[in-house]
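Listing of protein-v2.txt, compact mmCIF, C-alpha atoms
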```
# COMPACT_ATOMS: atom_id res chain seq x y z
CA MET A 882 100.66 51.75 40.19
CA VAL A 883 100.48 47.99 39.53
CA THR A 884 100.74 45.80 42.62
CA GLY A 885 103.18 42.92 42.93
CA GLU A 886 100.30 40.45 43.00
CA ARG A 887 98.84 41.92 39.82
CA MET A 888 102.20 41.77 38.04
CA GLY A 889 102.64 38.17 39.17
CA GLU A 890 99.30 37.11 37.74
CA GLU A 891 99.96 38.91 34.45
CA LYS A 892 103.31 37.15 34.15
CA ARG A 893 101.86 33.76 35.08
CA ALA A 894 99.04 34.06 32.53
CA ALA A 895 101.37 35.26 29.79
CA VAL A 896 104.03 32.54 30.13
CA PRO A 897 103.10 28.96 29.23
CA THR A 898 104.31 25.98 31.21
CA ALA A 899 107.59 24.32 30.41
CA ALA A 900 105.76 21.25 29.15
CA THR A 901 103.74 23.36 26.78
CA ALA A 902 106.76 25.25 25.52
CA ALA A 903 108.61 22.04 24.85
CA SER A 904 105.84 20.75 22.61
CA VAL A 905 105.59 23.90 20.49
CA GLN A 906 107.25 24.13 17.08
CA PRO A 907 108.19 27.76 16.40
CA LEU A 908 106.61 29.40 13.36
CA THR A 909 108.75 31.20 10.82
CA ARG A 910 107.68 34.69 9.79
CA TRP A 911 106.90 33.39 6.31
CA THR A 912 104.56 30.73 7.69
CA ALA A 913 102.83 33.29 9.92
CA LEU A 914 102.22 35.46 6.85
CA LEU A 915 100.88 32.40 5.01
CA PHE A 916 98.46 31.79 7.89
CA ALA A 917 97.41 35.46 7.71
CA ALA A 918 96.77 35.19 3.95
CA ALA A 919 94.72 32.02 4.45
CA CYS A 920 92.68 33.73 7.16
CA GLY A 921 92.04 36.79 5.00
CA LEU A 922 90.93 34.72 2.00
CA ALA A 923 88.63 32.51 4.08
CA VAL A 924 86.86 35.26 6.01
CA ALA A 925 86.49 37.45 2.91
CA ASN A 926 84.22 34.77 1.43
CA VAL A 927 81.58 35.72 4.01
CA TYR A 928 81.61 39.40 2.98
CA TYR A 929 81.84 39.29 -0.82
CA ALA A 930 78.05 39.19 -1.21
CA GLN A 931 77.41 42.50 0.58
CA PRO A 932 78.23 44.79 -2.39
CA LEU A 933 76.80 42.22 -4.84
CA LEU A 934 73.23 42.05 -3.56
CA ASP A 935 71.85 44.09 -6.46
CA SER A 936 73.53 41.80 -8.99
CA LEU A 937 72.35 38.65 -7.18
CA ALA A 938 68.79 39.97 -6.98
CA ALA A 939 68.75 40.64 -10.72
CA GLN A 940 70.39 37.32 -11.63
CA PHE A 941 68.09 35.08 -9.59
CA GLY A 942 64.87 37.08 -9.60
CA ILE A 943 64.98 37.83 -5.87
CA SER A 944 63.23 40.96 -4.63
CA HIS A 945 65.37 43.65 -3.04
CA SER A 946 63.42 43.24 0.19
CA SER A 947 64.34 39.53 0.33
CA VAL A 948 67.84 39.38 -1.09
CA GLY A 949 69.33 40.04 2.35
CA VAL A 950 68.64 36.36 3.09
CA VAL A 951 71.91 35.62 1.28
CA ILE A 952 73.82 37.48 4.01
CA THR A 953 71.64 36.04 6.78
CA VAL A 954 72.21 32.43 5.71
CA THR A 955 75.97 32.96 5.49
CA GLN A 956 76.21 34.63 8.91
CA ILE A 957 74.01 32.04 10.65
CA CYS A 958 76.10 29.20 9.26
CA TYR A 959 79.28 31.01 10.29
CA ALA A 960 77.97 31.13 13.87
CA ILE A 961 77.10 27.41 13.71
CA GLY A 962 80.62 26.70 12.47
CA LEU A 963 82.13 28.55 15.44
CA ILE A 964 80.25 26.26 17.82
CA LEU A 965 80.48 22.93 15.96
CA LEU A 966 83.68 23.04 13.88
CA VAL A 967 86.27 25.27 15.57
CA PRO A 968 86.55 23.01 18.70
CA LEU A 969 87.63 20.18 16.37
CA GLY A 970 91.04 21.85 16.27
CA ASP A 971 91.65 20.46 19.77
CA LEU A 972 90.61 16.95 18.70
CA LEU A 973 91.75 16.27 15.12
CA ASN A 974 95.05 16.53 13.29
CA ARG A 975 95.06 20.11 12.02
CA ARG A 976 97.35 19.32 9.10
CA ARG A 977 94.38 17.46 7.60
CA LEU A 978 91.56 19.49 9.17
CA ILE A 979 92.64 22.96 7.93
CA PRO A 980 93.36 22.11 4.26
CA GLY A 981 90.30 19.84 4.27
CA MET A 982 88.01 22.68 5.35
CA MET A 983 89.57 24.96 2.76
CA LEU A 984 89.16 22.42 -0.06
CA ILE A 985 85.46 21.97 0.76
CA SER A 986 85.20 25.78 0.70
CA VAL A 987 86.75 25.75 -2.78
CA ALA A 988 84.00 23.39 -3.95
CA ALA A 989 81.32 25.61 -2.38
CA LEU A 990 82.79 28.72 -4.04
CA VAL A 991 82.66 26.99 -7.43
CA VAL A 992 79.03 26.01 -6.74
CA VAL A 993 78.13 29.63 -6.00
CA GLY A 994 80.10 30.92 -8.98
CA THR A 995 78.22 28.59 -11.33
CA ALA A 996 74.82 28.54 -9.54
CA ALA A 997 71.83 28.22 -11.88
CA ASN A 998 69.10 28.99 -9.35
CA ARG A 999 68.61 30.55 -5.93
CA GLY A 1000 68.44 27.21 -4.12
CA ILE A 1001 71.92 26.24 -5.30
CA LEU A 1002 73.15 29.75 -4.51
CA LEU A 1003 71.88 29.65 -0.92
CA GLY A 1004 73.18 26.12 -0.39
CA GLY A 1005 76.63 27.13 -1.55
CA MET A 1006 76.60 30.29 0.60
CA ALA A 1007 75.61 28.21 3.64
CA VAL A 1008 78.64 25.94 3.20
CA ILE A 1009 80.89 28.96 2.63
CA GLY A 1010 79.74 30.51 5.90
CA LEU A 1011 80.06 27.24 7.81
CA LEU A 1012 83.65 26.63 6.71
CA ALA A 1013 84.89 30.23 6.88
CA VAL A 1014 85.57 29.48 10.56
CA VAL A 1015 88.78 27.81 9.41
CA THR A 1016 90.22 31.26 10.18
CA GLN A 1017 89.71 30.65 13.90
CA VAL A 1018 91.28 27.19 13.71
CA LEU A 1019 94.29 28.82 12.04
CA VAL A 1020 94.61 31.51 14.73
CA ALA A 1021 94.53 28.93 17.53
CA TYR A 1022 97.02 26.71 15.67
CA ALA A 1023 99.36 29.64 15.09
CA ALA A 1024 99.37 30.30 18.85
CA THR A 1025 100.26 26.65 19.46
CA LEU A 1026 103.12 26.60 16.94
CA ALA A 1027 104.55 29.97 17.99
CA ALA A 1028 107.52 30.20 20.35
CA PRO A 1029 106.31 31.29 23.82
CA GLU A 1030 108.20 34.57 23.75
CA SER A 1031 106.68 35.58 20.39
CA ARG A 1032 103.15 34.18 20.69
CA GLY A 1033 101.50 37.59 20.90
CA ARG A 1034 103.39 38.88 17.86
CA VAL A 1035 102.39 35.82 15.81
CA VAL A 1036 98.75 36.09 16.86
CA GLY A 1037 98.88 39.78 15.86
CA VAL A 1038 100.22 38.97 12.40
CA VAL A 1039 97.72 36.18 11.74
CA THR A 1040 94.75 38.10 13.14
CA SER A 1041 95.62 41.09 10.94
CA GLY A 1042 94.85 38.86 7.98
CA VAL A 1043 91.30 38.36 9.28
CA VAL A 1044 90.59 42.08 9.69
CA ILE A 1045 92.20 42.98 6.35
CA GLY A 1046 90.16 40.25 4.64
CA ILE A 1047 86.93 41.66 6.09
CA LEU A 1048 87.78 45.24 5.12
CA LEU A 1049 89.07 44.57 1.60
CA ALA A 1050 86.44 41.98 0.59
CA ARG A 1051 84.04 44.69 -0.56
CA THR A 1052 86.75 46.46 -2.57
CA PHE A 1053 87.88 43.22 -4.22
CA ALA A 1054 84.31 42.18 -5.03
CA GLY A 1055 83.39 45.57 -6.46
CA LEU A 1056 86.42 45.85 -8.73
CA LEU A 1057 86.21 42.27 -10.02
CA THR A 1058 82.46 42.53 -10.62
CA ASP A 1059 82.94 45.68 -12.69
CA ALA A 1060 85.62 43.90 -14.73
CA ALA A 1061 84.17 40.41 -15.22
CA GLY A 1062 80.81 40.02 -13.47
CA TRP A 1063 79.84 38.84 -9.98
CA ARG A 1064 80.52 35.15 -10.69
CA SER A 1065 84.20 35.92 -11.24
CA VAL A 1066 84.50 36.99 -7.57
CA TYR A 1067 83.71 33.51 -6.28
CA LEU A 1068 85.61 31.65 -8.98
CA ALA A 1069 88.72 33.77 -8.40
CA SER A 1070 88.45 33.18 -4.67
CA ALA A 1071 88.14 29.44 -5.29
CA GLY A 1072 91.41 29.48 -7.26
CA LEU A 1073 93.26 31.43 -4.57
CA MET A 1074 91.90 29.21 -1.79
CA LEU A 1075 92.98 26.10 -3.68
CA ILE A 1076 96.54 27.38 -4.03
CA VAL A 1077 96.82 28.32 -0.35
CA ALA A 1078 95.27 25.01 0.80
CA CYS A 1079 97.85 23.05 -1.19
CA ILE A 1080 100.70 25.11 0.25
CA LEU A 1081 99.41 24.64 3.81
CA LEU A 1082 99.12 20.89 3.25
CA LYS A 1083 102.80 20.90 2.36
CA VAL A 1084 104.16 23.14 5.14
CA LEU A 1085 102.05 22.22 8.19
CA PRO A 1086 103.72 19.77 10.59
CA GLY A 1087 102.46 16.20 10.47
CA LYS A 1088 102.00 15.80 14.21
CA ASP A 1089 99.91 18.03 16.46
CA PRO A 1090 100.99 18.90 20.01
CA GLU A 1091 98.57 19.10 22.92
CA LYS A 1092 95.60 17.09 21.62
CA THR A 1093 92.64 16.34 23.88
CA SER A 1094 91.32 12.86 24.61
CA LEU A 1095 87.70 14.05 24.89
CA LYS A 1096 84.98 12.66 22.65
CA TYR A 1097 83.21 15.13 20.34
CA PRO A 1098 80.07 15.61 22.50
CA GLN A 1099 82.30 16.13 25.56
CA LEU A 1100 84.40 18.55 23.54
CA LEU A 1101 81.38 20.72 22.77
CA ARG A 1102 80.20 20.69 26.38
CA SER A 1103 83.66 21.66 27.56
CA VAL A 1104 83.42 24.97 25.67
CA LEU A 1105 80.79 26.10 28.16
CA GLY A 1106 82.90 24.69 30.99
CA LEU A 1107 85.87 26.79 29.91
CA PHE A 1108 83.72 29.89 29.90
CA VAL A 1109 82.58 29.16 33.45
CA GLN A 1110 86.09 28.34 34.71
CA GLU A 1111 88.19 31.05 33.11
CA ARG A 1112 87.42 34.62 34.18
CA ILE A 1113 89.90 36.02 31.69
CA LEU A 1114 87.84 34.41 28.90
CA ARG A 1115 84.58 35.89 30.20
CA VAL A 1116 86.00 39.41 30.49
CA ARG A 1117 87.84 39.37 27.17
CA ALA A 1118 84.82 37.87 25.41
CA MET A 1119 82.66 40.74 26.68
CA LEU A 1120 85.26 43.23 25.45
CA ALA A 1121 85.18 41.49 22.05
CA LEU A 1122 81.39 41.87 21.95
CA LEU A 1123 81.63 45.59 22.67
CA ILE A 1124 84.50 46.50 20.34
CA PHE A 1125 83.05 44.60 17.40
CA MET A 1126 79.65 46.12 18.08
CA ALA A 1127 81.35 49.52 17.68
CA PHE A 1128 83.18 48.25 14.57
CA SER A 1129 79.91 47.10 12.95
CA ILE A 1130 78.06 50.26 13.93
CA LEU A 1131 80.49 52.20 11.75
CA TRP A 1132 81.04 49.84 8.83
CA THR A 1133 77.45 48.69 8.37
CA SER A 1134 75.92 52.17 8.32
CA LEU A 1135 78.79 54.06 6.64
CA VAL A 1136 77.50 53.40 3.13
CA LEU A 1137 74.29 55.29 3.93
CA PRO A 1138 75.66 58.83 4.38
CA LEU A 1139 78.43 58.31 1.81
CA SER A 1140 76.00 57.26 -0.93
CA SER A 1141 73.45 59.99 -0.12
CA PRO A 1142 73.58 63.70 -1.00
CA PRO A 1143 75.60 65.81 -0.62
CA LEU A 1144 78.43 63.23 -0.89
CA SER A 1145 76.79 60.73 -3.32
CA LEU A 1146 79.93 58.63 -3.70
CA SER A 1147 80.10 55.63 -6.04
CA HIS A 1148 80.30 52.07 -4.67
CA SER A 1149 83.95 51.84 -5.73
CA ALA A 1150 84.79 55.05 -3.87
CA ILE A 1151 82.96 53.84 -0.76
CA GLY A 1152 84.78 50.52 -0.92
CA ALA A 1153 88.11 52.36 -1.02
CA PHE A 1154 87.61 53.48 2.57
CA GLY A 1155 88.36 49.88 3.49
CA LEU A 1156 91.98 50.64 2.59
CA ALA A 1157 92.15 53.15 5.44
CA GLY A 1158 90.67 50.58 7.78
CA ALA A 1159 93.19 47.97 6.65
CA ALA A 1160 96.04 50.43 7.28
CA GLY A 1161 94.78 50.97 10.81
CA ALA A 1162 94.51 47.22 11.39
CA VAL A 1163 98.08 46.62 10.19
CA ALA A 1164 99.34 49.40 12.46
CA ALA A 1165 97.87 47.56 15.45
CA THR A 1166 99.81 44.32 14.97
CA ARG A 1167 102.40 45.64 17.43
CA ALA A 1168 99.83 45.03 20.17
CA GLY A 1169 100.79 41.36 20.17
CA ARG A 1170 104.43 42.22 20.92
CA LEU A 1171 103.33 44.40 23.82
CA ALA A 1172 101.27 41.50 25.17
CA ASP A 1173 104.38 39.29 24.97
CA ARG A 1174 106.11 41.84 27.22
CA GLY A 1175 103.34 41.72 29.84
CA MET A 1176 101.78 45.03 28.79
CA GLY A 1177 98.41 43.66 27.72
CA GLN A 1178 96.37 45.60 30.26
CA ARG A 1179 98.03 48.92 29.43
CA THR A 1180 97.59 48.28 25.70
CA THR A 1181 93.92 47.52 26.24
CA GLY A 1182 93.30 50.72 28.17
CA VAL A 1183 95.06 52.94 25.63
CA ALA A 1184 93.32 51.25 22.69
CA LEU A 1185 89.86 51.57 24.27
CA ALA A 1186 90.51 55.26 24.90
CA LEU A 1187 91.49 55.66 21.22
CA LEU A 1188 88.32 53.83 20.21
CA LEU A 1189 86.24 56.38 22.10
CA VAL A 1190 88.23 59.32 20.67
CA SER A 1191 87.85 57.97 17.10
CA TRP A 1192 84.15 58.86 17.09
CA LEU A 1193 84.94 62.57 17.32
CA PRO A 1194 86.28 62.85 13.73
CA ILE A 1195 83.78 60.21 12.55
CA ARG A 1196 81.01 62.54 13.70
CA TYR A 1197 81.91 64.98 10.89
CA THR A 1198 81.71 62.37 8.10
CA GLU A 1199 79.04 64.32 6.19
CA HIS A 1200 81.23 67.44 6.18
CA SER A 1201 84.80 66.13 5.79
CA LEU A 1202 86.07 62.90 4.24
CA LEU A 1203 89.54 63.56 5.70
CA SER A 1204 87.94 63.60 9.14
CA LEU A 1205 86.29 60.27 8.36
CA ILE A 1206 89.59 58.73 7.21
CA LEU A 1207 91.26 59.82 10.45
CA GLY A 1208 88.41 58.33 12.46
CA ILE A 1209 88.57 55.05 10.52
CA LEU A 1210 92.32 54.76 11.09
CA LEU A 1211 91.92 55.30 14.84
CA LEU A 1212 88.89 53.03 15.20
CA ASP A 1213 90.31 50.09 13.27
CA MET A 1214 93.68 50.41 14.96
CA ALA A 1215 92.00 50.41 18.38
CA VAL A 1216 89.71 47.47 17.62
CA GLN A 1217 92.53 45.38 16.20
CA ALA A 1218 94.83 46.21 19.13
CA VAL A 1219 92.25 45.04 21.67
CA HIS A 1220 91.36 41.99 19.57
CA VAL A 1221 94.99 40.89 19.26
CA THR A 1222 95.62 41.50 22.97
CA ASN A 1223 92.47 39.56 23.89
CA GLN A 1224 93.51 36.51 21.89
CA SER A 1225 97.12 36.65 23.06
CA MET A 1226 95.89 36.55 26.65
CA ILE A 1227 93.22 33.88 26.43
CA LEU A 1228 95.33 31.56 24.25
CA SER A 1229 97.99 31.50 26.98
CA VAL A 1230 95.59 30.13 29.58
CA ARG A 1231 94.86 26.54 28.51
CA PRO A 1232 97.24 25.33 25.78
CA GLU A 1233 95.34 22.07 25.29
CA ALA A 1234 92.07 23.95 24.65
CA ARG A 1235 93.08 26.78 22.34
CA SER A 1236 90.54 26.00 19.63
CA ARG A 1237 87.72 25.80 22.17
CA LEU A 1238 88.83 29.04 23.81
CA THR A 1239 88.81 30.67 20.38
CA ALA A 1240 85.33 29.27 19.63
CA ALA A 1241 83.93 30.68 22.90
CA TYR A 1242 85.61 34.05 22.38
CA MET A 1243 84.57 34.42 18.74
CA THR A 1244 80.95 33.59 19.53
CA PHE A 1245 80.81 36.88 21.44
CA TYR A 1246 82.55 38.60 18.51
CA SER A 1247 79.72 37.39 16.24
CA ILE A 1248 77.03 38.52 18.67
CA GLY A 1249 78.61 41.97 18.85
CA SER A 1250 78.95 42.26 15.08
CA ALA A 1251 75.34 41.22 14.46
CA THR A 1252 73.97 43.51 17.17
CA GLY A 1253 75.96 46.49 15.88
CA SER A 1254 74.76 45.92 12.32
CA ILE A 1255 71.10 45.76 13.27
CA ALA A 1256 71.27 48.68 15.69
CA SER A 1257 73.19 51.04 13.41
CA THR A 1258 70.82 50.87 10.45
CA SER A 1259 67.79 51.26 12.71
CA ILE A 1260 69.33 54.26 14.47
CA TYR A 1261 70.33 55.88 11.17
CA ALA A 1262 66.78 55.54 9.84
CA ARG A 1263 65.41 57.42 12.86
CA PHE A 1264 68.15 59.83 13.91
CA GLY A 1265 70.59 60.09 11.00
CA TRP A 1266 74.38 60.10 11.29
CA ASP A 1267 74.34 61.97 14.62
CA GLY A 1268 72.43 59.04 16.09
CA VAL A 1269 74.98 56.55 14.75
CA TYR A 1270 77.83 58.64 16.15
CA MET A 1271 76.23 58.77 19.60
CA LEU A 1272 75.51 55.04 19.55
CA GLY A 1273 79.09 54.17 18.58
CA ALA A 1274 80.58 56.56 21.11
CA GLY A 1275 78.26 55.21 23.81
CA VAL A 1276 79.25 51.59 23.17
CA SER A 1277 82.93 52.57 23.11
CA ALA A 1278 82.61 54.49 26.39
CA PHE A 1279 80.92 51.49 27.99
CA ALA A 1280 83.75 49.23 26.82
CA LEU A 1281 86.32 51.53 28.46
CA LEU A 1282 84.32 51.69 31.70
CA PHE A 1283 83.84 47.92 31.70
CA TRP A 1284 87.58 47.36 31.31
CA ALA A 1285 88.33 49.84 34.12
CA TRP A 1286 85.77 48.13 36.38
CA THR A 1287 87.24 44.66 35.81
CA ARG A 1288 90.71 46.08 36.35
CA ARG A 1289 89.69 47.64 39.65
CA ASN A 1290 87.90 44.49 40.82
CA GLY A 1291 90.91 42.23 40.54
CA GLU A 1292 90.92 41.00 36.92
CA LYS A 1293 94.67 41.07 36.50
CA LYS A 1294 95.42 39.61 33.08
CA GLY A 1295 92.20 39.86 31.13
```
Let me see whether you can do it: turn the structure in this file into structure tokens.
Amino acid sequence: MVTGERMGEEKRAAVPTAATAASVQPLTRWTALLFAAACGLAVANVYYAQPLLDSLAAQFGISHSSVGVVITVTQICYAIGLILLVPLGDLLNRRRLIPGMMLISVAALVVVGTAANRGILLGGMAVIGLLAVVTQVLVAYAATLAAPESRGRVVGVVTSGVVIGILLARTFAGLLTDAAGWRSVYLASAGLMLIVACILLKVLPGKDPEKTSLKYPQLLRSVLGLFVQERILRVRAMLALLIFMAFSILWTSLVLPLSSPPLSLSHSAIGAFGLAGAAGAVAATRAGRLADRGMGQRTTGVALALLLVSWLPIRYTEHSLLSLILGILLLDMAVQAVHVTNQSMILSVRPEARSRLTAAYMTFYSIGSATGSIASTSIYARFGWDGVYMLGAGVSAFALLFWAWTRRNGEKKG
């Protein structure tokens, strides 16, 4: 049973101050969907190269043992962008910042799509990774523009665009490459990004609420200060690390058993499993509405339990694809539900610092994703799919226990 003190803290953390509410311009549903589409397009740029590594290696004379540097450069620059660029959302006018970042991304996508040598390719991929963090600026801005009573729902809608973009990037890249070559993937993305950037430039409000007066160096230092000051951020960031570690453990290693005997599926068939993941992510958007109603803790507990349960059907991947699909649906629904709840909670804490809160939170997301990717392939090489299943289930169980421990030790809202 929840104590009165616990309920009071949940309510206080969920409801912004009157001053904050007064400065917020409510988002329409159409604009929230536009933000989601922009997020999906931007983050997908980071993942297009994964199914294209063979084509890139052949095009630029890169050995298969070295072509992974394309992914490494993109991911490293994405992490740098989280630290250096996302906090700018609290300092600069986002009506210019967001379309500006997207337009530079368009130029980088064209550079990659027309690259004549590996140096130009890697340079373009570095800029793509750096500016893909516009997704996090958009999420924080959506929370600022949303009406207080619907902030969680809006964050859920916008964040769903990020997860869907990640999951469908491989499918999109595979289909377009088969039809028109790998360069068409980046050129098509450039065209779509240009259209969305122009629309955002037209619909975003001219004046930003809740801007900080800090200088840029102070702004960066304050990210660490927020992490020290806000316990809800620390706890939710650790949950993000764990759930996205579990997410990456599955999605990074899944291609290995699916492409090997006895399944031996094609790349297009493997990419199609992203559709099941996207369906699970969309199903979890309701988590934001539950957070708006003060049910964030309950949602988190149920979702983490589902995350742990999802590994049971995933275990039988090599014997039943239907079992795998069920596991994917449960896992992606659980991860997205916790992710949406996390962001809904932390973005209610310090309205003037939403971009910096997002930067701090997403840094742990990146650490979890990278750790899960490295660990899963290593475990698969030594212990096969049973090892991956046990690793994923172990991380998921730890996430549930960690949440229960913080809950028991007085962490009321996060």
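Excluding Ser1201 in chain A itself and any same-chain residue fewer than 5 positions from it, the protein and nucleic acid residues within 12 Å of it, counting all atoms listed in the file, are Pro1138, Leu1139, Pro1143, Leu1144, Pro1194, Ile1195, Arg1196, Ile1206, Leu1207 and Gly1208 of chain A.
With distances taken over all atoms listed in the file, A:Phe916 is the one residue among A:Phe916, A:Tyr959, A:Tyr929, A:Phe1154 lying closest to Val1038 in chain A.
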Could you tell me how far CA of Phe1128 in chain A sits from CA of Ile1260 in chain A, in Å to one decimal place? 15.1 Å
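When all atoms listed in the file are used to measure the gap to Ala1118 in chain A, the shortest distance among A:Gly1055, A:Gly1087, A:Gly1249, A:Pro968 belongs to A:Gly1249.
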Nearest to Ala1078 in chain A among A:Val1015, A:Val924, A:Val1036, A:Ala1157, with distances taken over only C-alpha atoms: which residue is it? A:Val1015
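What separates CA of Thr1239 in chain A from CA of Ile1113 in chain A is a distance of 12.6 Å.
Between CA of Ser1254 in chain A and CA of Ser1236 in chain A the separation is 26.4 Å.
Checking A:Ser1129, A:Ser1277, A:Ser1145, A:Thr1040 one by one against His1220 in chain A, counting all atoms listed in the file, you find the shortest gap at A:Thr1040.
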Which residue out of A:Gly1062, A:Leu1205, A:Trp1132, A:Val1116 has the minimum interatomic distance to Leu1193 in chain A when only C-alpha atoms are used? A:Leu1205
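If all atoms listed in the file are the atoms counted, then among A:Gly1046, A:Gly1106, A:Pro1086, A:Gly962 the closest residue to Cys920 in chain A is A:Gly1046.
All residues of protein, DNA or RNA that reach within 8 Å of Leu990 in chain A, judged by only C-alpha atoms and not counting those fewer than 4 positions away in the chain, are Ser986, Gly994, Gly1005, Met1006, Ile1009, Tyr1067, Leu1068, Ser1070 and Ala1071 of chain A.
For range 932-934 of chain A, the set of protein, DNA and RNA residues having any atom at most 10 Å away, when counting all atoms listed in the file and skipping those fewer than 4 positions along the same chain, is Tyr928, Ala938, Ala939, Gln940, Ile943, His945, Val948, Gly949, Val950, Val951, Ile952, Ala1050, Arg1051, Thr1052, Phe1053, Ala1054, Gly1055, Thr1058, Gly1062, Trp1063, Arg1064, Val1066, His1148, Ser1149 and Gly1152 of chain A.
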Counting all atoms listed in the file, what is within 10 Å of Leu1012 in chain A, bar same-chain residues fewer than 2 positions away, as a PDB file with C-alpha atoms, keeping the file's coordinate frame?
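As a result, selection-v8.pdb now contains:
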```pdb
ATOM      1  CA  ALA A 923      88.630  32.510   4.080  1.00  0.00           C
ATOM      2  CA  VAL A 924      86.860  35.260   6.010  1.00  0.00           C
ATOM      3  CA  ASN A 926      84.220  34.770   1.430  1.00  0.00           C
ATOM      4  CA  VAL A 927      81.580  35.720   4.010  1.00  0.00           C
ATOM      5  CA  CYS A 958      76.100  29.200   9.260  1.00  0.00           C
ATOM      6  CA  TYR A 959      79.280  31.010  10.290  1.00  0.00           C
ATOM      7  CA  ILE A 961      77.100  27.410  13.710  1.00  0.00           C
ATOM      8  CA  GLY A 962      80.620  26.700  12.470  1.00  0.00           C
ATOM      9  CA  LEU A 963      82.130  28.550  15.440  1.00  0.00           C
ATOM     10  CA  LEU A 966      83.680  23.040  13.880  1.00  0.00           C
ATOM     11  CA  VAL A 967      86.270  25.270  15.570  1.00  0.00           C
ATOM     12  CA  ILE A 979      92.640  22.960   7.930  1.00  0.00           C
ATOM     13  CA  GLY A 981      90.300  19.840   4.270  1.00  0.00           C
ATOM     14  CA  MET A 982      88.010  22.680   5.350  1.00  0.00           C
ATOM     15  CA  MET A 983      89.570  24.960   2.760  1.00  0.00           C
ATOM     16  CA  LEU A 984      89.160  22.420  -0.060  1.00  0.00           C
ATOM     17  CA  ILE A 985      85.460  21.970   0.760  1.00  0.00           C
ATOM     18  CA  SER A 986      85.200  25.780   0.700  1.00  0.00           C
ATOM     19  CA  ALA A 989      81.320  25.610  -2.380  1.00  0.00           C
ATOM     20  CA  ALA A1007      75.610  28.210   3.640  1.00  0.00           C
ATOM     21  CA  VAL A1008      78.640  25.940   3.200  1.00  0.00           C
ATOM     22  CA  ILE A1009      80.890  28.960   2.630  1.00  0.00           C
ATOM     23  CA  GLY A1010      79.740  30.510   5.900  1.00  0.00           C
ATOM     24  CA  VAL A1014      85.570  29.480  10.560  1.00  0.00           C
ATOM     25  CA  VAL A1015      88.780  27.810   9.410  1.00  0.00           C
ATOM     26  CA  THR A1016      90.220  31.260  10.180  1.00  0.00           C
TER      27      THR A1016
END
```
Residues of range 1077-1153 of chain A that have any atom at most 12 Å from an atom of range 909-914 of chain A: could you tabulate them with the shortest-distance atom pair and the distance in Å to one decimal, using only C-alpha atoms, ordered by chain and increasing number, as CSV?
```
residue,atom,partner,partner_atom,distance
A:Val1077,CA,A:Thr912,CA,11.4
A:Ile1080,CA,A:Thr912,CA,10.1
A:Leu1081,CA,A:Thr912,CA,8.9
A:Lys1083,CA,A:Thr912,CA,11.3
A:Val1084,CA,A:Thr912,CA,8.0
A:Leu1085,CA,A:Thr912,CA,8.9
A:Pro1086,CA,A:Thr912,CA,11.4
```
Within 10 Å of Arg1034 in chain A using only C-alpha atoms, minus same-chain residues under 2 positions, as a list in words: Ala913, Ala1024, Ala1027, Ala1028, Glu1030, Ser1031, Arg1032, Val1036, Gly1037, Val1038, Val1039, Thr1040, Thr1166, Arg1167, Ala1168, Gly1169, Arg1170, Leu1171, Ala1172, Asp1173, Val1221, Thr1222 and Ser1225 of chain A
Selection export as a compact mmCIF listing (two decimals), in the coordinates of the input, atoms kept: C-alpha atoms:
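Contents of the output file out31.txt:
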```txt
# COMPACT_ATOMS: atom_id res chain seq x y z
CA ALA A 913 102.83 33.29 9.92
CA ALA A 1024 99.37 30.30 18.85
CA ALA A 1027 104.55 29.97 17.99
CA ALA A 1028 107.52 30.20 20.35
CA GLU A 1030 108.20 34.57 23.75
CA SER A 1031 106.68 35.58 20.39
CA ARG A 1032 103.15 34.18 20.69
CA VAL A 1036 98.75 36.09 16.86
CA GLY A 1037 98.88 39.78 15.86
CA VAL A 1038 100.22 38.97 12.40
CA VAL A 1039 97.72 36.18 11.74
CA THR A 1040 94.75 38.10 13.14
CA THR A 1166 99.81 44.32 14.97
CA ARG A 1167 102.40 45.64 17.43
CA ALA A 1168 99.83 45.03 20.17
CA GLY A 1169 100.79 41.36 20.17
CA ARG A 1170 104.43 42.22 20.92
CA LEU A 1171 103.33 44.40 23.82
CA ALA A 1172 101.27 41.50 25.17
CA ASP A 1173 104.38 39.29 24.97
CA VAL A 1221 94.99 40.89 19.26
CA THR A 1222 95.62 41.50 22.97
CA SER A 1225 97.12 36.65 23.06
```
